[in-house]
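Student: Compact mmCIF, N, CA and C atoms, file data-v3.txt:
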```txt
# COMPACT_ATOMS: atom_id res chain seq x y z
N MET X 1 10.96 7.26 -14.43
CA MET X 1 11.66 6.97 -13.18
C MET X 1 11.11 5.64 -12.63
N THR X 2 12.00 4.79 -12.17
CA THR X 2 11.59 3.50 -11.63
C THR X 2 11.93 3.42 -10.15
N LEU X 3 11.32 2.46 -9.51
CA LEU X 3 11.58 2.21 -8.10
C LEU X 3 12.61 1.09 -7.99
N ALA X 4 13.77 1.40 -7.43
CA ALA X 4 14.85 0.42 -7.30
C ALA X 4 14.51 -0.60 -6.22
N LEU X 5 14.99 -1.81 -6.43
CA LEU X 5 14.77 -2.89 -5.46
C LEU X 5 15.27 -2.49 -4.07
N ASN X 6 16.43 -1.87 -3.99
CA ASN X 6 16.97 -1.47 -2.68
C ASN X 6 16.05 -0.50 -1.97
N ASP X 7 15.46 0.45 -2.72
CA ASP X 7 14.52 1.39 -2.11
C ASP X 7 13.27 0.68 -1.65
N ALA X 8 12.75 -0.23 -2.47
CA ALA X 8 11.55 -0.98 -2.10
C ALA X 8 11.79 -1.81 -0.84
N ARG X 9 12.93 -2.48 -0.81
CA ARG X 9 13.27 -3.31 0.35
C ARG X 9 13.44 -2.45 1.60
N GLN X 10 14.11 -1.29 1.45
CA GLN X 10 14.31 -0.38 2.58
C GLN X 10 12.97 0.07 3.15
N MET X 11 12.03 0.43 2.29
CA MET X 11 10.72 0.90 2.75
C MET X 11 9.94 -0.24 3.41
N ALA X 12 9.99 -1.43 2.83
CA ALA X 12 9.27 -2.57 3.42
C ALA X 12 9.82 -2.90 4.81
N GLU X 13 11.13 -2.94 4.91
CA GLU X 13 11.74 -3.23 6.21
C GLU X 13 11.44 -2.13 7.22
N ALA X 14 11.43 -0.87 6.75
CA ALA X 14 11.09 0.25 7.64
C ALA X 14 9.66 0.12 8.14
N CYS X 15 8.75 -0.33 7.29
CA CYS X 15 7.36 -0.53 7.73
C CYS X 15 7.31 -1.50 8.91
N LEU X 16 8.04 -2.59 8.80
CA LEU X 16 8.02 -3.58 9.88
C LEU X 16 8.63 -3.01 11.17
N LYS X 17 9.71 -2.26 11.03
CA LYS X 17 10.33 -1.65 12.21
C LYS X 17 9.41 -0.61 12.84
N ILE X 18 8.85 0.25 12.02
CA ILE X 18 7.94 1.29 12.51
C ILE X 18 6.72 0.65 13.15
N GLY X 19 6.19 -0.38 12.51
CA GLY X 19 5.05 -1.11 13.08
C GLY X 19 5.37 -1.67 14.46
N GLY X 20 6.59 -2.19 14.62
CA GLY X 20 7.03 -2.69 15.92
C GLY X 20 7.12 -1.57 16.94
N ASP X 21 7.68 -0.44 16.51
CA ASP X 21 7.80 0.73 17.40
C ASP X 21 6.42 1.24 17.82
N MET X 22 5.44 1.13 16.91
CA MET X 22 4.08 1.59 17.19
C MET X 22 3.27 0.56 17.98
N GLY X 23 3.83 -0.65 18.15
CA GLY X 23 3.11 -1.71 18.86
C GLY X 23 1.99 -2.33 18.04
N LEU X 24 2.14 -2.34 16.72
CA LEU X 24 1.08 -2.87 15.86
C LEU X 24 1.09 -4.40 15.84
N LYS X 25 -0.02 -4.95 15.42
CA LYS X 25 -0.13 -6.40 15.20
C LYS X 25 0.81 -6.77 14.06
N PRO X 26 1.09 -8.07 13.86
CA PRO X 26 1.99 -8.49 12.77
C PRO X 26 1.50 -7.97 11.42
N LEU X 27 2.47 -7.49 10.62
CA LEU X 27 2.16 -6.82 9.36
C LEU X 27 2.64 -7.62 8.15
N THR X 28 1.97 -7.37 7.05
CA THR X 28 2.41 -7.82 5.74
C THR X 28 2.53 -6.58 4.87
N VAL X 29 3.65 -6.45 4.16
CA VAL X 29 3.93 -5.26 3.36
C VAL X 29 4.25 -5.69 1.94
N ALA X 30 3.55 -5.08 0.98
CA ALA X 30 3.86 -5.30 -0.44
C ALA X 30 4.29 -3.96 -1.03
N VAL X 31 5.39 -3.97 -1.76
CA VAL X 31 5.84 -2.78 -2.48
C VAL X 31 5.79 -3.14 -3.96
N ILE X 32 5.08 -2.32 -4.73
CA ILE X 32 4.98 -2.55 -6.17
C ILE X 32 5.54 -1.34 -6.92
N ASP X 33 5.93 -1.58 -8.17
CA ASP X 33 6.44 -0.47 -8.98
C ASP X 33 5.29 0.22 -9.70
N SER X 34 5.61 1.23 -10.49
CA SER X 34 4.56 2.03 -11.13
C SER X 34 3.77 1.26 -12.17
N ALA X 35 4.28 0.11 -12.60
CA ALA X 35 3.54 -0.74 -13.54
C ALA X 35 2.68 -1.76 -12.82
N GLY X 36 2.74 -1.78 -11.49
CA GLY X 36 1.94 -2.71 -10.71
C GLY X 36 2.60 -4.05 -10.44
N ALA X 37 3.88 -4.18 -10.78
CA ALA X 37 4.61 -5.42 -10.55
C ALA X 37 5.14 -5.47 -9.12
N LEU X 38 4.98 -6.61 -8.48
CA LEU X 38 5.48 -6.79 -7.12
C LEU X 38 7.00 -6.71 -7.11
N THR X 39 7.52 -5.84 -6.25
CA THR X 39 8.96 -5.65 -6.12
C THR X 39 9.48 -6.30 -4.84
N CYS X 40 8.70 -6.20 -3.77
CA CYS X 40 9.12 -6.74 -2.48
C CYS X 40 7.89 -7.08 -1.65
N LEU X 41 7.91 -8.23 -0.99
CA LEU X 41 6.83 -8.63 -0.09
C LEU X 41 7.46 -9.18 1.18
N LEU X 42 7.10 -8.58 2.32
CA LEU X 42 7.56 -9.06 3.62
C LEU X 42 6.35 -9.36 4.48
N ARG X 43 6.41 -10.48 5.16
CA ARG X 43 5.29 -10.93 5.99
C ARG X 43 5.83 -11.38 7.34
N GLN X 44 5.37 -10.72 8.40
CA GLN X 44 5.83 -11.08 9.74
C GLN X 44 5.17 -12.37 10.20
N ASP X 45 5.83 -13.04 11.11
CA ASP X 45 5.25 -14.23 11.72
C ASP X 45 3.92 -13.87 12.37
N GLY X 46 2.96 -14.75 12.25
CA GLY X 46 1.68 -14.56 12.91
C GLY X 46 0.63 -13.85 12.07
N THR X 47 0.94 -13.53 10.81
CA THR X 47 -0.07 -12.90 9.97
C THR X 47 -0.99 -13.98 9.39
N SER X 48 -2.19 -13.58 9.04
CA SER X 48 -3.16 -14.54 8.53
C SER X 48 -2.94 -14.83 7.05
N LEU X 49 -3.60 -15.84 6.55
CA LEU X 49 -3.39 -16.41 5.23
C LEU X 49 -3.54 -15.42 4.07
N LEU X 50 -4.53 -14.55 4.10
CA LEU X 50 -4.80 -13.68 2.96
C LEU X 50 -4.05 -12.34 2.99
N ARG X 51 -3.22 -12.13 4.00
CA ARG X 51 -2.56 -10.82 4.13
C ARG X 51 -1.72 -10.43 2.91
N PRO X 52 -0.98 -11.35 2.27
CA PRO X 52 -0.23 -10.92 1.07
C PRO X 52 -1.15 -10.40 -0.04
N GLU X 53 -2.28 -11.04 -0.25
CA GLU X 53 -3.22 -10.60 -1.27
C GLU X 53 -3.86 -9.26 -0.90
N ILE X 54 -4.15 -9.08 0.39
CA ILE X 54 -4.74 -7.81 0.84
C ILE X 54 -3.74 -6.68 0.63
N ALA X 55 -2.49 -6.89 1.04
CA ALA X 55 -1.46 -5.85 0.89
C ALA X 55 -1.29 -5.49 -0.58
N GLN X 56 -1.21 -6.49 -1.44
CA GLN X 56 -1.06 -6.22 -2.87
C GLN X 56 -2.30 -5.54 -3.44
N GLY X 57 -3.49 -5.90 -2.97
CA GLY X 57 -4.72 -5.28 -3.44
C GLY X 57 -4.79 -3.81 -3.09
N LYS X 58 -4.30 -3.45 -1.91
CA LYS X 58 -4.26 -2.03 -1.53
C LYS X 58 -3.29 -1.27 -2.43
N ALA X 59 -2.10 -1.83 -2.63
CA ALA X 59 -1.09 -1.15 -3.45
C ALA X 59 -1.49 -1.09 -4.91
N LYS X 60 -1.96 -2.19 -5.46
CA LYS X 60 -2.32 -2.22 -6.88
C LYS X 60 -3.52 -1.33 -7.18
N GLY X 61 -4.46 -1.24 -6.24
CA GLY X 61 -5.58 -0.32 -6.42
C GLY X 61 -5.12 1.11 -6.50
N ALA X 62 -4.15 1.45 -5.65
CA ALA X 62 -3.61 2.82 -5.66
C ALA X 62 -2.94 3.12 -7.00
N ILE X 63 -2.13 2.19 -7.48
CA ILE X 63 -1.46 2.39 -8.78
C ILE X 63 -2.50 2.43 -9.91
N ALA X 64 -3.43 1.49 -9.90
CA ALA X 64 -4.41 1.38 -10.99
C ALA X 64 -5.26 2.63 -11.14
N LEU X 65 -5.63 3.25 -10.02
CA LEU X 65 -6.50 4.42 -10.07
C LEU X 65 -5.75 5.73 -9.87
N GLY X 66 -4.45 5.64 -9.59
CA GLY X 66 -3.64 6.85 -9.45
C GLY X 66 -3.97 7.67 -8.21
N MET X 67 -4.45 6.98 -7.18
CA MET X 67 -4.78 7.66 -5.92
C MET X 67 -4.59 6.69 -4.76
N GLY X 68 -4.20 7.24 -3.62
CA GLY X 68 -4.04 6.41 -2.44
C GLY X 68 -5.35 5.72 -2.09
N SER X 69 -5.25 4.61 -1.37
CA SER X 69 -6.46 3.84 -1.09
C SER X 69 -7.40 4.53 -0.11
N ARG X 70 -6.93 5.54 0.62
CA ARG X 70 -7.86 6.33 1.44
C ARG X 70 -8.83 7.08 0.53
N ALA X 71 -8.31 7.65 -0.56
CA ALA X 71 -9.16 8.34 -1.53
C ALA X 71 -10.12 7.35 -2.20
N ILE X 72 -9.63 6.14 -2.47
CA ILE X 72 -10.49 5.11 -3.06
C ILE X 72 -11.61 4.75 -2.08
N PHE X 73 -11.26 4.64 -0.80
CA PHE X 73 -12.23 4.35 0.26
C PHE X 73 -13.32 5.42 0.29
N GLU X 74 -12.90 6.68 0.26
CA GLU X 74 -13.88 7.78 0.27
C GLU X 74 -14.74 7.76 -0.98
N ARG X 75 -14.13 7.48 -2.10
CA ARG X 75 -14.90 7.41 -3.35
C ARG X 75 -15.89 6.26 -3.32
N ALA X 76 -15.51 5.15 -2.67
CA ALA X 76 -16.42 4.01 -2.57
C ALA X 76 -17.68 4.38 -1.80
N LYS X 77 -17.54 5.27 -0.83
CA LYS X 77 -18.72 5.72 -0.08
C LYS X 77 -19.64 6.56 -0.96
N ASP X 78 -19.04 7.40 -1.81
CA ASP X 78 -19.82 8.31 -2.66
C ASP X 78 -20.27 7.66 -3.96
N GLN X 79 -19.45 6.77 -4.50
CA GLN X 79 -19.74 6.14 -5.78
C GLN X 79 -19.48 4.63 -5.71
N PRO X 80 -20.29 3.92 -4.93
CA PRO X 80 -20.03 2.50 -4.73
C PRO X 80 -20.05 1.68 -6.02
N TYR X 81 -20.89 2.06 -6.97
CA TYR X 81 -20.96 1.28 -8.21
C TYR X 81 -19.69 1.44 -9.03
N PHE X 82 -19.09 2.62 -8.99
CA PHE X 82 -17.83 2.82 -9.71
C PHE X 82 -16.73 1.93 -9.12
N ILE X 83 -16.57 1.96 -7.81
CA ILE X 83 -15.52 1.15 -7.18
C ILE X 83 -15.82 -0.33 -7.35
N GLN X 84 -17.08 -0.71 -7.26
CA GLN X 84 -17.44 -2.11 -7.50
C GLN X 84 -17.06 -2.52 -8.93
N SER X 85 -17.27 -1.63 -9.89
CA SER X 85 -16.90 -1.92 -11.28
C SER X 85 -15.38 -2.03 -11.42
N MET X 86 -14.65 -1.14 -10.76
CA MET X 86 -13.19 -1.21 -10.82
C MET X 86 -12.70 -2.52 -10.19
N ASN X 87 -13.34 -2.94 -9.12
CA ASN X 87 -12.97 -4.20 -8.48
C ASN X 87 -13.25 -5.38 -9.41
N ALA X 88 -14.35 -5.31 -10.14
CA ALA X 88 -14.65 -6.36 -11.11
C ALA X 88 -13.59 -6.40 -12.21
N LEU X 89 -13.16 -5.22 -12.67
CA LEU X 89 -12.14 -5.17 -13.72
C LEU X 89 -10.80 -5.74 -13.26
N THR X 90 -10.54 -5.68 -11.97
CA THR X 90 -9.28 -6.22 -11.44
C THR X 90 -9.42 -7.66 -10.99
N GLY X 91 -10.54 -8.27 -11.30
CA GLY X 91 -10.75 -9.66 -10.88
C GLY X 91 -10.97 -9.81 -9.39
N GLY X 92 -11.48 -8.75 -8.76
CA GLY X 92 -11.75 -8.78 -7.32
C GLY X 92 -10.54 -8.47 -6.46
N ALA X 93 -9.46 -7.98 -7.07
CA ALA X 93 -8.21 -7.77 -6.33
C ALA X 93 -8.11 -6.40 -5.66
N LEU X 94 -9.00 -5.48 -5.98
CA LEU X 94 -8.96 -4.13 -5.41
C LEU X 94 -9.42 -4.16 -3.95
N VAL X 95 -8.63 -3.57 -3.06
CA VAL X 95 -8.98 -3.51 -1.64
C VAL X 95 -9.12 -2.03 -1.28
N PRO X 96 -10.36 -1.51 -1.30
CA PRO X 96 -10.59 -0.06 -1.16
C PRO X 96 -10.67 0.44 0.29
N VAL X 97 -9.60 0.24 1.04
CA VAL X 97 -9.51 0.75 2.40
C VAL X 97 -8.12 1.35 2.60
N PRO X 98 -7.95 2.26 3.56
CA PRO X 98 -6.63 2.86 3.78
C PRO X 98 -5.55 1.81 4.03
N GLY X 99 -4.35 2.14 3.57
CA GLY X 99 -3.21 1.24 3.69
C GLY X 99 -2.50 1.03 2.37
N GLY X 100 -3.03 1.61 1.29
CA GLY X 100 -2.37 1.63 -0.01
C GLY X 100 -1.89 3.04 -0.26
N VAL X 101 -0.58 3.24 -0.23
CA VAL X 101 -0.01 4.59 -0.29
C VAL X 101 0.90 4.69 -1.50
N LEU X 102 0.63 5.68 -2.35
CA LEU X 102 1.48 5.93 -3.51
C LEU X 102 2.84 6.44 -3.06
N ILE X 103 3.88 6.04 -3.78
CA ILE X 103 5.24 6.51 -3.56
C ILE X 103 5.56 7.46 -4.72
N ARG X 104 5.86 8.70 -4.38
CA ARG X 104 6.17 9.70 -5.41
C ARG X 104 7.62 10.18 -5.25
N LYS X 105 8.23 10.49 -6.39
CA LYS X 105 9.56 11.12 -6.43
C LYS X 105 9.48 12.24 -7.44
N ASP X 106 9.74 13.45 -7.00
CA ASP X 106 9.64 14.64 -7.85
C ASP X 106 8.25 14.74 -8.50
N GLY X 107 7.23 14.38 -7.74
CA GLY X 107 5.85 14.46 -8.20
C GLY X 107 5.37 13.27 -9.02
N GLU X 108 6.28 12.44 -9.48
CA GLU X 108 5.94 11.30 -10.32
C GLU X 108 5.67 10.05 -9.46
N ILE X 109 4.65 9.29 -9.82
CA ILE X 109 4.37 8.02 -9.13
C ILE X 109 5.41 7.00 -9.56
N VAL X 110 6.15 6.46 -8.60
CA VAL X 110 7.16 5.44 -8.89
C VAL X 110 6.78 4.08 -8.33
N GLY X 111 5.73 4.03 -7.52
CA GLY X 111 5.30 2.78 -6.93
C GLY X 111 4.26 3.01 -5.86
N ALA X 112 4.00 1.96 -5.09
CA ALA X 112 3.05 2.04 -3.98
C ALA X 112 3.39 0.98 -2.95
N ILE X 113 3.03 1.29 -1.72
CA ILE X 113 3.10 0.32 -0.64
C ILE X 113 1.67 -0.05 -0.27
N GLY X 114 1.44 -1.33 -0.11
CA GLY X 114 0.21 -1.83 0.48
C GLY X 114 0.60 -2.52 1.76
N ILE X 115 -0.09 -2.21 2.84
CA ILE X 115 0.26 -2.76 4.14
C ILE X 115 -1.02 -3.15 4.88
N THR X 116 -0.95 -4.27 5.59
CA THR X 116 -2.12 -4.78 6.28
C THR X 116 -1.71 -5.58 7.51
N GLY X 117 -2.60 -5.61 8.47
CA GLY X 117 -2.35 -6.40 9.68
C GLY X 117 -2.94 -5.76 10.92
N ASP X 118 -2.95 -4.44 10.96
CA ASP X 118 -3.52 -3.71 12.09
C ASP X 118 -4.74 -2.96 11.56
N THR X 119 -5.15 -1.91 12.23
CA THR X 119 -6.25 -1.11 11.69
C THR X 119 -5.78 -0.44 10.41
N SER X 120 -6.70 -0.14 9.53
CA SER X 120 -6.33 0.51 8.27
C SER X 120 -5.62 1.83 8.51
N ASP X 121 -6.06 2.60 9.50
CA ASP X 121 -5.42 3.88 9.80
C ASP X 121 -3.99 3.68 10.27
N ASN X 122 -3.75 2.69 11.12
CA ASN X 122 -2.40 2.41 11.58
C ASN X 122 -1.52 1.88 10.45
N ASP X 123 -2.10 1.01 9.61
CA ASP X 123 -1.36 0.50 8.45
C ASP X 123 -0.87 1.68 7.60
N GLU X 124 -1.78 2.58 7.30
CA GLU X 124 -1.47 3.74 6.46
C GLU X 124 -0.39 4.62 7.10
N ALA X 125 -0.53 4.91 8.38
CA ALA X 125 0.44 5.75 9.08
C ALA X 125 1.84 5.14 9.03
N CYS X 126 1.91 3.85 9.17
CA CYS X 126 3.19 3.14 9.12
C CYS X 126 3.82 3.28 7.73
N ALA X 127 3.03 3.07 6.68
CA ALA X 127 3.54 3.19 5.31
C ALA X 127 4.01 4.61 5.02
N ILE X 128 3.25 5.59 5.43
CA ILE X 128 3.63 6.99 5.19
C ILE X 128 4.98 7.29 5.83
N ARG X 129 5.15 6.88 7.07
CA ARG X 129 6.41 7.13 7.77
C ARG X 129 7.58 6.45 7.07
N ALA X 130 7.38 5.23 6.60
CA ALA X 130 8.45 4.49 5.93
C ALA X 130 8.83 5.13 4.59
N ILE X 131 7.83 5.56 3.83
CA ILE X 131 8.09 6.21 2.54
C ILE X 131 8.87 7.50 2.75
N GLU X 132 8.42 8.30 3.70
CA GLU X 132 9.08 9.58 3.95
C GLU X 132 10.50 9.38 4.50
N ALA X 133 10.69 8.36 5.33
CA ALA X 133 12.03 8.08 5.87
C ALA X 133 13.01 7.70 4.77
N ALA X 134 12.50 7.14 3.68
CA ALA X 134 13.36 6.74 2.56
C ALA X 134 13.62 7.89 1.58
N GLY X 135 13.05 9.08 1.87
CA GLY X 135 13.29 10.24 1.04
C GLY X 135 12.33 10.42 -0.11
N PHE X 136 11.22 9.70 -0.07
CA PHE X 136 10.18 9.82 -1.09
C PHE X 136 8.99 10.59 -0.50
N THR X 137 8.03 10.90 -1.34
CA THR X 137 6.81 11.57 -0.89
C THR X 137 5.68 10.54 -0.86
N ALA X 138 4.98 10.48 0.27
CA ALA X 138 3.85 9.58 0.43
C ALA X 138 2.56 10.27 0.01
N ASP X 139 1.70 9.55 -0.71
CA ASP X 139 0.41 10.07 -1.14
C ASP X 139 -0.65 9.04 -0.81
N ALA X 140 -1.30 9.24 0.34
CA ALA X 140 -2.30 8.29 0.81
C ALA X 140 -3.68 8.58 0.23
N GLY X 141 -3.82 9.75 -0.38
CA GLY X 141 -5.12 10.10 -0.94
C GLY X 141 -5.82 11.07 -0.06
```
Take the structure in the file and give it back as C-alpha cells.
Tutor:
Amino acid sequence: MTLALNDARQMAEACLKIGGDMGLKPLTVAVIDSAGALTCLLRQDGTSLLRPEIAQGKAKGAIALGMGSRAIFERAKDQPYFIQSMNALTGGALVPVPGGVLIRKDGEIVGAIGITGDTSDNDEACAIRAIEAAGFTADAG
C-alpha cells in the first residue's frame, strides 16, 4: 500500500490549519512515504532556516526505526548509545523528539509526518489530528 500525493497534501495542509486553530507558532510539515521519500513539504511564513530538515528528520526517523519519534525519544533516554548510533547511520539526520508520527492504513505503515515549529508535544498533537482527520491511523509511539 502506498501513500497517494493527494492524501499527503491533504494531511500537510490539515496540519497547518489545525496549527492555526491551536494558535501554534509557524510550522513546517514534511510527509514522506513508507520508503522514506519526501512526498510533500509545506513551510509557513516565518519559520526558521533548518525547519525543513528537522521535519524530515522526525519523519524519516519514524520510518527508519518503525516507531513514532516519541518512542524514539523515550528510547534515547534509556539507550542513548543506540540512538546516537542510529543517528550516525543516517548521517546525522535523525531527530529523536516528538513530532514524527507514523501514518498507518489497515495496520500497515504507509508513511510518516514530521512537523516542527512549536513545542514537540504541540507538533505531535497537530500531526495526529491531521492524520486521523484524513481517515488514517496515527502512531506517535
Student: Can you pull out every residue within 6 Å of X:Arg104, counting only N, CA and C atoms, but drop anything in the same chain fewer than 5 positions away, and send it as a ChimeraX atom specification?
Tutor: /X:109-111,136-139
Student: With only N, CA and C atoms as the counted atoms, please give the residues lying no more than 8 Å from X:Met11, apart from itself and same-chain residues fewer than 4 positions off, as a list in words.
Tutor: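 Residues meeting the cut-off are Leu5, Asn6, Asp7, Cys15, Leu16, Lys17, Val29, Val31, Ile113, Ala127, Arg129, Ala130, Ile131, Glu132, Ala133 and Ala134 of chain X.
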Student: Calculated over all atoms listed in the file, which of the candidates X:Phe73, X:Thr116, X:Ile32, X:Asp123 has the smallest distance to X:Pro52?
Tutor: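 When distances to X:Pro52 are compared using all atoms listed in the file, the smallest one comes from X:Thr116.
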Student: What does the structure give for the distance between atom N of X:Met67 and atom N of X:Gly100, in Å to one decimal?
Tutor: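 That distance, rounded to one decimal, is 10.1 Å.
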Student: Measure the distance from atom C of X:Ile72 to atom N of X:Val97 in Å and round it to one decimal.
Tutor: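 For atom C of X:Ile72 relative to atom N of X:Val97, the distance reads 5.8 Å.
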Student: How far is it from atom N of X:Gly99 to atom CA of X:Met1, in Å with one decimal?
Tutor: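 That distance, rounded to one decimal, is 23.7 Å.
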Student: Report as number ranges by chain all protein, DNA and RNA residues lying within 12 Å of X:Gly20, evaluated on only C-alpha atoms, omitting residues in the same chain fewer than 6 positions from it.
Tutor: X: 13-14, 26-27, 44, 117-118, 122-123, 126
